[in-house]
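Containing mmCIF, C-alpha atoms: data_21.cif.
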```cif
data_run
#
loop_
_atom_site.label_atom_id
_atom_site.label_comp_id
_atom_site.auth_asym_id
_atom_site.auth_seq_id
_atom_site.Cartn_x
_atom_site.Cartn_y
_atom_site.Cartn_z
CA THR A 7 -12.66 -1.60 -31.57
CA ALA A 8 -9.15 -2.16 -32.95
CA MET A 9 -7.40 0.46 -30.80
CA THR A 10 -4.73 -1.41 -28.81
CA GLY A 11 -2.65 1.54 -27.63
CA VAL A 12 -2.92 5.20 -26.73
CA VAL A 13 -0.28 7.87 -26.11
CA PHE A 14 -0.81 11.11 -24.20
CA GLU A 15 2.27 13.06 -25.28
CA ASP A 16 4.59 14.73 -22.76
CA GLY A 17 3.48 18.08 -21.38
CA ASP A 18 2.58 20.02 -18.25
CA GLU A 19 -0.95 21.06 -19.20
CA VAL A 20 -3.79 19.05 -17.69
CA LEU A 21 -5.87 17.08 -20.19
CA THR A 22 -9.55 16.63 -19.30
CA LEU A 23 -11.21 13.40 -20.42
CA GLY A 24 -14.90 12.71 -20.95
CA TYR A 25 -16.96 9.70 -19.97
CA ASN A 26 -20.16 7.82 -20.75
CA THR A 27 -23.11 8.30 -18.41
CA TYR A 28 -25.26 5.30 -17.52
CA ALA A 29 -28.36 4.95 -15.37
CA SER A 30 -26.28 3.90 -12.38
CA SER A 31 -23.71 6.61 -11.71
CA ALA A 32 -21.18 4.23 -10.14
CA GLU A 33 -21.34 2.03 -13.24
CA GLY A 34 -20.58 4.79 -15.72
CA LYS A 35 -17.92 3.90 -18.26
CA GLY A 36 -14.68 5.72 -18.92
CA LEU A 37 -13.50 7.09 -22.25
CA PHE A 38 -11.67 3.92 -23.37
CA TYR A 39 -13.90 1.36 -21.70
CA ASP A 40 -14.80 -0.44 -24.96
CA CYS A 41 -11.34 -0.24 -26.56
CA PRO A 42 -9.08 -3.32 -26.42
CA LEU A 43 -6.10 -1.34 -25.12
CA GLN A 44 -2.97 -3.26 -24.29
CA SER A 45 -0.56 -0.40 -23.60
CA THR A 46 -0.83 3.24 -22.54
CA TYR A 47 1.69 6.06 -22.25
CA ILE A 48 0.69 8.92 -19.96
CA GLY A 49 3.02 11.88 -20.39
CA ARG A 50 0.87 14.66 -18.92
CA PRO A 51 -1.57 15.17 -16.03
CA LEU A 52 -5.06 13.75 -16.60
CA SER A 53 -8.34 14.96 -15.15
CA TYR A 54 -11.67 13.15 -15.22
CA ASN A 55 -14.77 12.73 -13.09
CA SER A 56 -13.90 10.47 -10.16
CA THR A 57 -16.91 11.38 -8.04
CA TYR A 58 -18.59 8.03 -8.63
CA TRP A 59 -15.85 5.60 -7.75
CA TYR A 60 -14.21 3.87 -10.69
CA GLY A 61 -17.10 4.43 -13.09
CA TYR A 62 -15.62 7.28 -15.09
CA SER A 63 -11.92 6.44 -15.00
CA PRO A 64 -10.63 6.12 -18.60
CA PHE A 65 -8.91 2.77 -18.00
CA ALA A 66 -10.75 1.18 -15.06
CA LYS A 67 -12.18 -2.31 -15.46
CA SER A 68 -10.19 -2.86 -18.65
CA GLU A 69 -10.14 -6.50 -19.70
CA THR A 70 -7.06 -6.10 -21.92
CA LEU A 71 -4.64 -3.46 -20.56
CA THR A 72 -1.30 -4.99 -19.60
CA GLY A 73 1.22 -2.13 -19.69
CA LEU A 74 1.31 1.43 -18.35
CA HIS A 75 4.14 3.99 -18.74
CA PHE A 76 4.30 7.33 -16.92
CA GLY A 77 6.29 10.26 -18.32
CA GLU A 78 8.37 12.73 -16.32
CA HIS A 79 5.63 15.39 -16.12
CA VAL A 80 3.18 13.20 -14.21
CA LYS A 81 3.34 13.96 -10.49
CA ALA A 82 0.09 12.37 -9.33
CA ILE A 83 -1.67 9.19 -10.41
CA PRO A 84 -5.41 9.98 -10.43
CA ASP A 85 -8.02 8.10 -8.40
CA TYR A 86 -9.25 4.77 -9.80
CA LEU A 87 -6.97 5.08 -12.86
CA CYS A 88 -6.61 1.32 -13.40
CA TYR A 89 -9.02 -0.03 -10.84
CA GLY A 90 -9.90 -3.66 -11.52
CA ASP A 91 -7.53 -4.10 -14.48
CA LYS A 92 -6.96 -7.80 -13.95
CA LYS A 93 -4.29 -8.19 -16.65
CA LEU A 94 -2.15 -5.16 -15.82
CA ASP A 95 1.30 -6.55 -15.06
CA ASP A 96 3.79 -3.82 -15.98
CA ILE A 97 4.15 -0.23 -14.72
CA VAL A 98 7.11 1.89 -15.85
CA TYR A 99 8.14 5.32 -14.56
CA ASN A 100 10.31 7.70 -16.60
CA GLU A 101 13.74 7.96 -14.97
CA ASN A 102 13.23 11.71 -14.45
CA CYS A 103 9.72 11.29 -13.08
CA GLN A 104 8.90 13.22 -9.90
CA MET A 105 5.84 11.20 -8.90
CA GLU A 106 4.43 12.43 -5.59
CA SER A 107 1.17 10.57 -4.97
CA ILE A 108 -0.88 7.53 -5.93
CA GLY A 109 -4.61 8.15 -5.99
CA LYS A 110 -7.43 6.29 -4.29
CA TYR A 111 -7.81 2.73 -5.56
CA ALA A 112 -5.60 3.63 -8.54
CA PHE A 113 -4.45 0.02 -8.84
CA GLY A 114 -6.97 -1.67 -6.56
CA GLY A 115 -7.86 -5.16 -7.73
CA CYS A 116 -4.99 -5.42 -10.23
CA LYS A 117 -4.52 -9.10 -9.49
CA SER A 118 -1.80 -9.72 -12.11
CA LEU A 119 0.36 -6.81 -10.93
CA PRO A 120 3.67 -8.09 -9.52
CA THR A 121 5.66 -6.43 -6.77
CA GLN A 122 6.29 -2.77 -7.51
CA GLN A 123 9.41 -0.89 -6.45
CA LEU A 124 7.60 2.38 -5.91
CA HIS A 125 9.18 5.55 -7.22
CA ASN A 126 11.43 7.10 -4.57
CA THR A 127 9.78 10.54 -4.77
CA ILE A 128 6.33 9.32 -3.70
CA THR A 129 5.11 10.88 -0.45
CA VAL A 130 1.44 9.78 -0.38
CA ILE A 131 -0.18 6.40 -1.04
CA ASN A 132 -3.89 7.08 -0.84
CA GLU A 133 -6.82 4.94 0.23
CA GLY A 134 -6.94 1.48 -1.35
CA ALA A 135 -4.18 2.32 -3.86
CA PHE A 136 -2.91 -1.27 -4.07
CA SER A 137 -5.71 -3.16 -2.32
CA ASN A 138 -6.22 -6.75 -3.47
CA CYS A 139 -2.94 -6.84 -5.39
CA ILE A 140 -2.47 -10.46 -4.44
CA LEU A 141 0.88 -10.90 -6.22
CA PHE A 142 2.60 -8.15 -4.22
CA ALA A 143 5.50 -9.64 -2.30
CA ASP A 144 8.00 -7.87 -0.04
CA PHE A 145 9.36 -4.49 -1.17
CA ASP A 146 10.78 -1.29 0.30
CA LEU A 147 8.53 1.71 0.78
CA PRO A 148 9.87 5.03 -0.60
CA GLU A 149 12.17 6.81 1.84
CA LYS A 150 10.21 10.07 1.50
CA LEU A 151 6.81 8.49 2.13
CA ALA A 152 4.65 10.41 4.63
CA THR A 153 1.14 8.92 4.33
CA ILE A 154 -0.20 5.39 3.94
CA GLY A 155 -3.95 5.68 3.45
CA SER A 156 -6.69 3.41 4.78
CA HIS A 157 -7.02 0.10 2.93
CA ALA A 158 -3.83 1.00 0.97
CA PHE A 159 -2.48 -2.57 0.89
CA GLU A 160 -5.57 -4.42 2.09
CA ASN A 161 -5.61 -8.11 1.15
CA CYS A 162 -2.09 -8.05 -0.33
CA THR A 163 -1.71 -11.65 0.80
CA GLY A 164 1.82 -12.08 -0.59
CA LEU A 165 3.38 -9.62 1.86
CA THR A 166 5.46 -11.24 4.62
CA LYS A 167 7.85 -8.52 5.83
CA LEU A 168 7.34 -4.76 6.10
CA THR A 169 9.77 -1.93 6.77
CA ILE A 170 8.13 1.45 7.36
CA PRO A 171 10.43 4.49 7.11
CA ALA A 172 10.59 7.15 9.82
CA THR A 173 9.18 9.74 7.40
CA VAL A 174 5.72 8.16 7.63
CA THR A 175 3.47 10.19 9.91
CA SER A 176 0.11 8.55 9.24
CA ILE A 177 -1.12 5.00 8.59
CA GLY A 178 -4.85 4.59 8.01
CA ASN A 179 -7.17 1.93 9.35
CA TYR A 180 -7.26 -1.32 7.37
CA ALA A 181 -4.02 -0.31 5.62
CA TYR A 182 -2.73 -3.89 5.96
CA ASP A 183 -5.99 -5.60 6.81
CA GLY A 184 -6.21 -9.12 5.40
CA CYS A 185 -2.44 -9.35 4.90
CA ASN A 186 -2.35 -12.62 6.79
CA GLY A 187 1.10 -13.62 5.56
CA ILE A 188 2.88 -10.83 7.42
CA THR A 189 5.29 -12.23 9.99
CA SER A 190 7.55 -9.22 10.57
CA VAL A 191 7.08 -5.44 10.74
CA THR A 192 10.06 -3.11 11.18
CA VAL A 193 9.43 0.52 12.17
CA LYS A 194 11.86 3.41 12.51
CA TRP A 195 10.09 5.72 15.00
CA THR A 196 11.57 5.91 18.49
CA LYS A 197 8.08 6.84 19.70
CA PRO A 198 5.09 4.94 18.24
CA ILE A 199 2.65 6.85 16.07
CA SER A 200 -1.08 6.24 16.46
CA ILE A 201 -2.62 3.36 14.53
CA TYR A 202 -6.09 1.79 14.42
CA SER A 203 -7.46 -1.57 15.48
CA GLU A 204 -7.32 -2.99 11.95
CA THR A 205 -4.24 -1.23 10.58
CA PHE A 206 -2.40 -4.55 11.00
CA SER A 207 -5.04 -7.25 11.34
CA ASN A 208 -2.40 -9.99 11.61
CA ARG A 209 -0.33 -8.34 14.34
CA THR A 210 -0.83 -11.08 16.92
CA ASN A 211 1.04 -13.42 14.59
CA ALA A 212 3.86 -11.02 13.71
CA VAL A 213 7.10 -9.80 15.27
CA LEU A 214 7.54 -6.03 15.64
CA GLU A 215 11.10 -4.69 15.38
CA VAL A 216 11.62 -1.20 16.85
CA PRO A 217 14.60 1.14 17.40
CA HIS A 218 16.93 0.59 20.34
CA GLY A 219 15.47 1.71 23.63
CA SER A 220 11.90 1.84 22.30
CA VAL A 221 10.53 -1.56 23.34
CA ALA A 222 8.83 -0.27 26.48
CA ALA A 223 7.08 2.55 24.60
CA TYR A 224 5.61 0.15 22.04
CA LYS A 225 4.55 -2.31 24.72
CA ALA A 226 2.51 0.50 26.27
CA ALA A 227 0.98 1.79 23.02
CA ASN A 228 -2.50 0.84 21.83
CA TYR A 229 -2.52 -1.91 19.19
CA TRP A 230 1.29 -1.91 18.88
CA LYS A 231 1.44 -3.80 22.16
CA GLU A 232 -0.65 -6.60 20.63
CA PHE A 233 2.11 -7.82 18.32
CA LYS A 234 3.22 -11.34 19.11
CA MET A 235 6.67 -10.10 20.12
CA ILE A 236 8.41 -6.72 20.24
CA ILE A 237 12.18 -6.69 19.80
CA GLU A 238 14.92 -4.14 19.28
CA ALA A 239 16.46 -3.63 15.85
CA GLY A 240 18.93 -6.39 15.04
CA GLU A 241 17.74 -8.78 17.73
CA ASP A 242 17.02 -12.39 16.90
CA PRO A 243 13.45 -13.30 17.95
CA ILE A 244 14.59 -16.80 18.86
CA SER A 245 17.27 -15.41 21.16
CA VAL A 246 14.74 -13.09 22.77
CA LEU A 247 12.56 -16.08 23.50
CA LYS A 248 15.40 -17.53 25.54
CA GLY A 249 15.62 -14.66 27.93
CA ASP A 250 14.38 -11.25 28.88
CA MET A 251 10.88 -11.20 27.39
CA ASP A 252 9.76 -7.90 28.92
CA GLY A 253 13.02 -6.08 28.22
CA ASP A 254 13.57 -4.98 31.82
CA GLY A 255 17.06 -6.48 32.03
CA VAL A 256 16.04 -9.07 34.61
CA LEU A 257 15.14 -12.74 34.11
CA ASP A 258 12.23 -13.47 36.40
CA VAL A 259 8.85 -15.20 36.66
CA ASN A 260 7.25 -12.49 34.49
CA ASP A 261 9.55 -13.48 31.61
CA VAL A 262 8.55 -17.12 32.04
CA GLN A 263 4.84 -16.25 31.95
CA MET A 264 5.31 -14.11 28.83
CA LEU A 265 7.17 -16.95 27.11
CA ILE A 266 4.35 -19.35 27.93
CA ASN A 267 1.83 -16.91 26.50
CA VAL A 268 3.79 -16.64 23.24
CA ILE A 269 4.01 -20.42 22.91
CA LEU A 270 0.29 -20.78 23.55
CA GLY A 271 -0.55 -17.95 21.18
CA ARG A 272 -2.00 -15.72 23.86
CA LYS A 273 -1.73 -11.91 23.73
#
```

The structure given in the file should be rewritten as structure tokens.
Amino acid sequence: TAMTGVVFEDGDEVLTLGYNTYASSAEGKGLFYDCPLQSTYIGRPLSYNSTYWYGYSPFAKSETLTGLHFGEHVKAIPDYLCYGDKKLDDIVYNENCQMESIGKYAFGGCKSLPTQQLHNTITVINEGAFSNCILFADFDLPEKLATIGSHAFENCTGLTKLTIPATVTSIGNYAYDGCNGITSVTVKWTKPISIYSETFSNRTNAVLEVPHGSVAAYKAANYWKEFKMIIEAGEDPISVLKGDMDGDGVLDVNDVQMLINVILGRK
């Protein structure tokens, strides 16, 4: 009951951790559940039972953990690692770390966690990884990122602007659901990838910026076309409002009608 820190020394070998079994499987308690940990160093891969949601994660639902440091041998953050750790406010990666993925709900519900500049080697952000991280503000996604899982940033209400790199090939449903502060989304694909109805729940209130020559493709694509306005990279939305709304190079009655719809908040 006096243990305030734990160190898993650097190494490549996976360390398997036990857990406490309770009557309700989902409410099982991880190895350090009753320890008042404040800091943790993870220098090697960890394995534990994650079948029943957060119940058996060693650090989930901690009331005291504030700091987490990953060593260079850790390539994947396990599912539910720090789920619901309301005081966690500092995550550090070793400078030589080759982190590749963030597990399901690994930091879901970490409401004290500030904006994270994610490690540039990360390729997968799994389901719910940063859901309900309400202090997350704008940041750049890793340039090698390929997958944004469902619910990944759900209810991150501090986000206002997003830039999604061209390396991303999949964005799950509800990935940015409840992110009602988003006003601008910038994408790098010349051809739109498929998204779901709730990938961006606030899209009708946001401007979508796309590569040059791609406006027509996005205006024809499901759910992308429902953004409040679609503009080419570098264009000023206010300037667009003054002219060619449909991007056909001609100012006509259709542009006027589209402008009226924007002003009135219609799709």

Next on the checklist: So the first atom is atom CA of A:Ile170 and the second is atom CA of A:Thr192; what is the distance between them in Å, to one decimal place?
Outcome noted: 6.3 Å

Item to check | A:Glu149 surroundings by all atoms listed in the file, 9 Å radius, close-in-sequence under 4 positions cut, as a ChimeraX atom specification | outcome: /A:126-129,170-174

Next on the checklist: Since I can't run it myself right now, could you work out what the PyMOL selection byres ((chain A and resi 201-211) around 8) selects here and report it as a VMD selection string?
Outcome noted: chain A and resid 156 176 to 189 199 to 200 212 to 213 228 to 230 232 to 234 273

Given 3 Å on each side, where is the centre and what are the edge lengths in Å to one decimal of the axis-aligned box enclosing the listed atoms of stretch 19-25 of chain A, as JSON?
```
{"center_x": -9.0, "center_y": 15.4, "center_z": -19.3, "size_x": 22.0, "size_y": 17.4, "size_z": 9.3}
```

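The spacing separating atom CA of A:Ala239 from atom CA of A:Ala226 amounts to 17.9 Å.
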
Checklist entry - Within 12 Å of A:Gly114, counting only C-alpha atoms, which residues qualify if same-chain residues fewer than 3 places away don't, as an MDAnalysis selection string? => result chainID A and resid 59:60 66:67 85:92 94 108:111 117:119 131:140 142 157:162

Next on the checklist: So, with only C-alpha atoms as the atoms that count, which of A:Asn26, A:Thr72, A:Asn260, A:Thr153 lies closest to A:Tyr54?
Outcome noted: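 Ranking A:Asn26, A:Thr72, A:Asn260, A:Thr153 by distance to A:Tyr54, first place goes to A:Asn26.
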
Checklist outcome for this item: A straight line from atom CA of A:Asp40 to atom CA of A:Lys93 spans 15.5 Å

Checklist entry - Got a sec to resolve the PyMOL selection byres ((chain A and resi 224) around 12) on this structure and send the residues as JSON, numbers by chain? => result {"A": [193, 194, 195, 196, 197, 198, 199, 200, 201, 214, 215, 216, 217, 218, 219, 220, 221, 222, 223, 225, 226, 227, 228, 229, 230, 231, 232, 233, 235, 236, 237, 238, 252, 253]}

Checklist entry - What does the PyMOL selection byres ((chain A and resi 81) around 6) select in this file, as a list in words? => result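 Selected by the PyMOL selection byres ((chain A and resi 81) around 6) in this file: Val80, Ala82, Gln104, Met105 and Glu106 of chain A.
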
Checklist entry - With all atoms listed in the file as the atoms that count, which of A:Asn102, A:Gly49, A:Tyr39, A:Gly34 lies nearest to A:Gly61? => result A:Gly34
